[in-house]
Amino acid sequence: NSGTGATIPGSMASALRARLLAGGTAPLVPTFTDGCTQEIEVCVNDVVVYDEEDPDCEDVVLTRTFKATEIATCPSAAGEGNPSVTASYTITFSRPTLDDLSADNIEDVVTYEQCGSANPSVADYPAPRTQDFPFLEVAGRTFNLMAGEAVCNIGVTFADGPAIVTCPFTYKFVRTYTVIDWCNPSDVRTFTQVVKVGDTTAPTFSGPTQDRDFDGVVDGDLIYTTNAGNVCAAYIRLDAGISATDNCSDDVTITATIYPGADLSATPIGAFDVDPTDNRAEVTSAIPVGCHLLRYTYTDECGNTDFSDYPFCVEDGTAPVAICEDGLNISISSGSAAGGASTGIAILTPSMIDAGSYDDCSGVTLEIARVGADNIATEAYDQELVLTCADLGTVRVGLKVTDAEGNMNFCWLDVLVEDKNAPSCIAPGPVEISCIVARATLPDDIMEATEAELDATFGFATGIDNCDVTITSTISGNVNSCGVGSFTRIFTATDGEGFTNTNNCRQRITVYGVHDYRLTFPTDEEGTCADVPAYAGIAADEDACDLITTDVVVDTLRTLEAGEECFKLRVTYDVINWCEYNTLGQPYLIPRDGDGIRNPE
């Protein structure tokens with residue numbers, strides 16, 4: 001562009017553009033302008049001049065000439081065309097020396113991550129990378145050096161020392177870089193670095209997992225339950241479900257350390273050596289209940305190490321220890337009367353059958369219930385068990401022991417329920433009855449009377465016992481033929497265990513006599529001579545407890561004494577009431593009442 005001198009875009013040949021960049025960002029072209037034409041054509045010519053005596057080692061001078069020619073011309077005042085114009089500049093290529101050499105990129109130690117040979121030789125060594133060689137830095141521009149190539153007669157080579165095996169498939173050696181300027185062979189520069197080849201990566205570790213609900217999905221946390229016996233702690237198996245692999249080493253060392261409370265500043269528990277391949281269980285010491293941190297540290301044969309942390313909790317998942325007494329006897333107390341409902345009871349509490357049940361981590365609650373022969377509860381477990389007389393004998397009892405986390409355990413025993421109390425007996429009071437009542441309510445032989453007849457007549461005894469009690473009785477004594485006498489009822493109270501009362505339980509019964517009778521004597525009778533008239537005997541009506549007998553004596557009185565009659569019969573009655581008779585008293589004489597007016601005279 002003749003107006004601005006700028007290159008018209010797309011008008012420069014690509015090869016020329018590359019030459020004119022000269023390491024910059026824009027082609028270096030002199031500015032040509034013209035006051036008439038619109039475009040100017042610029043041609044470039046380069047002339048390179050080498051030193052005649054030492055062209056390979058001295059500077060090189062390049063003369064670059066630009067020739068500008070109008071494309072569209074304006075007639076000159078003289079009618080002649082405008083001539084071309086030229087401009088030029090020189091570029092001197094100064095040959096670099098080793099003073100331009102930089103070794104800043106050469107690291108003291110370089111590492112090649114790979115599994116090396118078991119017995120390495122130089123042939124096994126990895127070649128240097130581009131960035132491992134020293135380079136030339138000239139006027140802010142960088143020129144890399146490579147083995148087998150020369151830059152301005154500056155070359156580089158390297159040599160490797162013998163391998164030092166540090167661990168299986170890992171070794172190191174010293175690599176020496178030598179840089180020489182062939183234009184100044186006396187200037188030689190050397191650089192060394194240590195090259196490590198082998199495994200520098202820690203093993204890959206897979207830690208423990210749990211699927212406690214067996215749904216096929218790994219749970220997000222680790223929970224272990226107590227299993228350390230009498231201690232509220234858990235022994236944790238460390239080798240279950242873990243693995244460690246290394247890209248080079250077959251031998252990976254694993255240790256496990258536990259930080260109580262997940263506090264990394266706390267004193268750790270362990271370390272524990274872990275080998276998941278030796279078919280032996282590696283178990284921790286007792287880890288207390290709580291949440292902690294499990295750290296696995298894994299190291300290969302070359303000392304490459306790393307660790308993985310696994311938070312976990314130890315919970316009380318162990319059932320408490322249930323200990324029952326080895327058999328128990330218990331007696332029924334209280335009491336009931338004969339014929340009444342049994343009210344004897346015994347209260348059995350869990351503490352009475354507990355023989356020291358305990359839990360590793362907390363206190364325990366105790367409950368009691370009846371159980372069947374299979375030790376399955378037949379009722380709800382509760383704080384007490386009420387035993388009654390219906391339970392006399394052996395009762396199977398269960399003890400349920402529950403810890404603070406709801407873990408339960410059971411034990412069972414047989415309880416012998418006994419009635420150790422002898423019954424008491426209360427006899428009815430003494431009774432006096434007349435012989436009339438006795439004969440009306442009882443058999444003639446009192447010994448044949450039933451318990452019901454005796455109880456109805458004389459009252460019944462009462463038995464007191466903690467369980468059911470029965471009353472039996474015997475009778476002794478006698479009454480005479482007049483129904484008068486006395487006897488004793490002896491009562492015995494017997495409970496279900498066969499115990500009988502120890503106190504006297506007797507009733508004294510007295511039967512007294514009552515005399516109530518009527519005697520009817522016969523009247524006089526007459527008959528014709530030689531006929532003896534019939535006459536009646538004495539009629540005795542007994543209305544009470546009398547025993548009357550009659551003795552009759554008949555005397556015959558002849559005419560002399562009989563008067564007008566042929567004869568007379570004098571009948572004498574001797575009447576005895578044996579229930580009133582005694583040998584000391586005088587008989588009572590009843591004269592004949594001949595005139596029928598009961599006149600004793």
# chains A, B, ... in the order shown; residues from 1 in each chain; ligands from 1
$ residues_around --residues "A:Ile376" --least-positions-apart "6" --cutoff "12 Å" --atoms "only C-alpha atoms" --output "ChimeraX atom specification"
/A:369-370,396-400,410-412
$ write_last_selection --atoms "N, CA, C and O atoms" --output "short mmCIF file (atom, residue, chain, number, x, y, z; two decimals), in the first residue's frame"
data_model
loop_
_atom_site.label_atom_id
_atom_site.label_comp_id
_atom_site.auth_asym_id
_atom_site.auth_seq_id
_atom_site.Cartn_x
_atom_site.Cartn_y
_atom_site.Cartn_z
N ALA A 369 -41.11 -64.34 84.57
CA ALA A 369 -42.37 -64.87 84.04
C ALA A 369 -42.35 -66.38 84.17
O ALA A 369 -41.30 -67.02 84.31
N ARG A 370 -43.56 -66.96 84.12
CA ARG A 370 -43.68 -68.41 84.04
C ARG A 370 -43.30 -68.85 82.62
O ARG A 370 -43.58 -68.14 81.65
N ARG A 396 -41.85 -73.78 86.67
CA ARG A 396 -40.73 -73.38 85.80
C ARG A 396 -40.80 -71.87 85.60
O ARG A 396 -41.84 -71.33 85.21
N VAL A 397 -39.69 -71.20 85.88
CA VAL A 397 -39.66 -69.73 85.87
C VAL A 397 -38.50 -69.27 84.98
O VAL A 397 -37.43 -69.88 84.96
N GLY A 398 -38.73 -68.19 84.22
CA GLY A 398 -37.69 -67.61 83.37
C GLY A 398 -37.30 -66.24 83.87
O GLY A 398 -38.12 -65.48 84.38
N LEU A 399 -36.02 -65.90 83.70
CA LEU A 399 -35.49 -64.58 84.03
C LEU A 399 -35.02 -63.93 82.74
O LEU A 399 -34.18 -64.49 82.02
N LYS A 400 -35.57 -62.77 82.41
CA LYS A 400 -35.13 -62.02 81.23
C LYS A 400 -34.22 -60.89 81.68
O LYS A 400 -34.60 -60.08 82.53
N PHE A 410 -31.65 -64.82 78.51
CA PHE A 410 -32.58 -65.50 79.39
C PHE A 410 -31.87 -66.63 80.13
O PHE A 410 -30.88 -67.19 79.65
N CYS A 411 -32.40 -66.95 81.28
CA CYS A 411 -32.05 -68.19 81.96
C CYS A 411 -33.31 -68.70 82.66
O CYS A 411 -34.29 -67.97 82.82
N TRP A 412 -33.28 -69.97 83.06
CA TRP A 412 -34.48 -70.60 83.59
C TRP A 412 -34.12 -71.47 84.79
O TRP A 412 -32.98 -71.92 84.93
#
$ residues_around --residues "stretch 445-459 of chain A" --least-positions-apart "6" --cutoff "10 Å" --atoms "only C-alpha atoms" --output "PyMOL selection string"
chain A and resi 427-433+437-439+471-479+483+487+489+507-509
$ select_by_dssp --residues "stretch 154-391 of chain A" --states "strand (DSSP E or B)" --output "MDAnalysis selection string"
chainID A and resid 154:160 164:167 170:181 184:198 204:206 222:225 228 231 233:234 237 243:245 253:259 269:274 283 287:288 290:299 305:315 321 324 328:331 333 336:337 345:348 354 358 364:371 377 382 385:388
$ residues_around --residues "stretch 217-225 of chain A" --least-positions-apart "2" --cutoff "7 Å" --atoms "only C-alpha atoms" --output "JSON, numbers by chain"
{"A": [209, 210, 211, 215, 227, 234, 311, 312, 313, 314, 315, 316, 317, 318]}
$ closest_residue --among "A:Ser94, A:Thr470, A:Thr245, A:Thr520" --to "A:Pro203" --atoms "only C-alpha atoms"
A:Thr245
$ closest_residue --among "A:Gly198, A:Pro27, A:Pro185, A:Gly527" --to "A:Tyr112" --atoms "only C-alpha atoms"
A:Gly198
$ select_by_dssp --residues "stretch 360-447 of chain A" --states "alpha helix (DSSP H)" --output "compact mmCIF listing (two decimals) with all heavy atoms, in the first residue's frame"
# COMPACT_ATOMS: atom_id res chain seq x y z
N CYS A 435 -81.55 -84.46 126.36
CA CYS A 435 -81.63 -85.75 125.71
C CYS A 435 -82.73 -85.77 124.66
O CYS A 435 -82.67 -86.53 123.69
CB CYS A 435 -81.84 -86.84 126.74
SG CYS A 435 -83.37 -86.63 127.71
N ILE A 436 -83.74 -84.89 124.87
CA ILE A 436 -84.85 -84.83 123.90
C ILE A 436 -84.31 -84.37 122.55
O ILE A 436 -84.61 -84.95 121.50
CB ILE A 436 -85.94 -83.89 124.41
CG1 ILE A 436 -86.51 -84.41 125.73
CG2 ILE A 436 -87.02 -83.72 123.36
CD1 ILE A 436 -87.52 -83.47 126.38
N VAL A 437 -83.48 -83.29 122.54
CA VAL A 437 -82.92 -82.77 121.28
C VAL A 437 -81.96 -83.80 120.68
O VAL A 437 -81.93 -84.02 119.47
CB VAL A 437 -82.20 -81.44 121.53
CG1 VAL A 437 -81.48 -80.96 120.28
CG2 VAL A 437 -83.17 -80.40 122.06
N ALA A 438 -81.15 -84.41 121.52
CA ALA A 438 -80.20 -85.38 121.01
C ALA A 438 -80.91 -86.51 120.29
O ALA A 438 -80.49 -86.96 119.21
CB ALA A 438 -79.35 -85.92 122.14
N ARG A 439 -82.03 -87.02 120.91
CA ARG A 439 -82.74 -88.13 120.27
C ARG A 439 -83.44 -87.69 119.00
O ARG A 439 -83.60 -88.47 118.06
CB ARG A 439 -83.75 -88.72 121.25
CG ARG A 439 -83.10 -89.53 122.36
CD ARG A 439 -84.12 -90.14 123.29
NE ARG A 439 -83.48 -91.01 124.28
CZ ARG A 439 -84.13 -91.64 125.25
NH1 ARG A 439 -85.45 -91.49 125.36
NH2 ARG A 439 -83.47 -92.41 126.09
N ALA A 440 -83.79 -86.40 118.94
CA ALA A 440 -84.51 -85.92 117.76
C ALA A 440 -83.58 -85.69 116.57
O ALA A 440 -84.02 -85.76 115.41
CB ALA A 440 -85.26 -84.64 118.10
N THR A 441 -82.30 -85.39 116.82
CA THR A 441 -81.39 -84.99 115.73
C THR A 441 -80.29 -85.98 115.44
O THR A 441 -79.63 -85.88 114.40
CB THR A 441 -80.75 -83.64 116.07
OG1 THR A 441 -80.05 -83.74 117.32
CG2 THR A 441 -81.81 -82.55 116.16
$ residues_around --residues "A:Cys505" --least-positions-apart "6" --cutoff "9 Å" --atoms "only C-alpha atoms" --output "ChimeraX atom specification"
/A:424-428,461,489-493
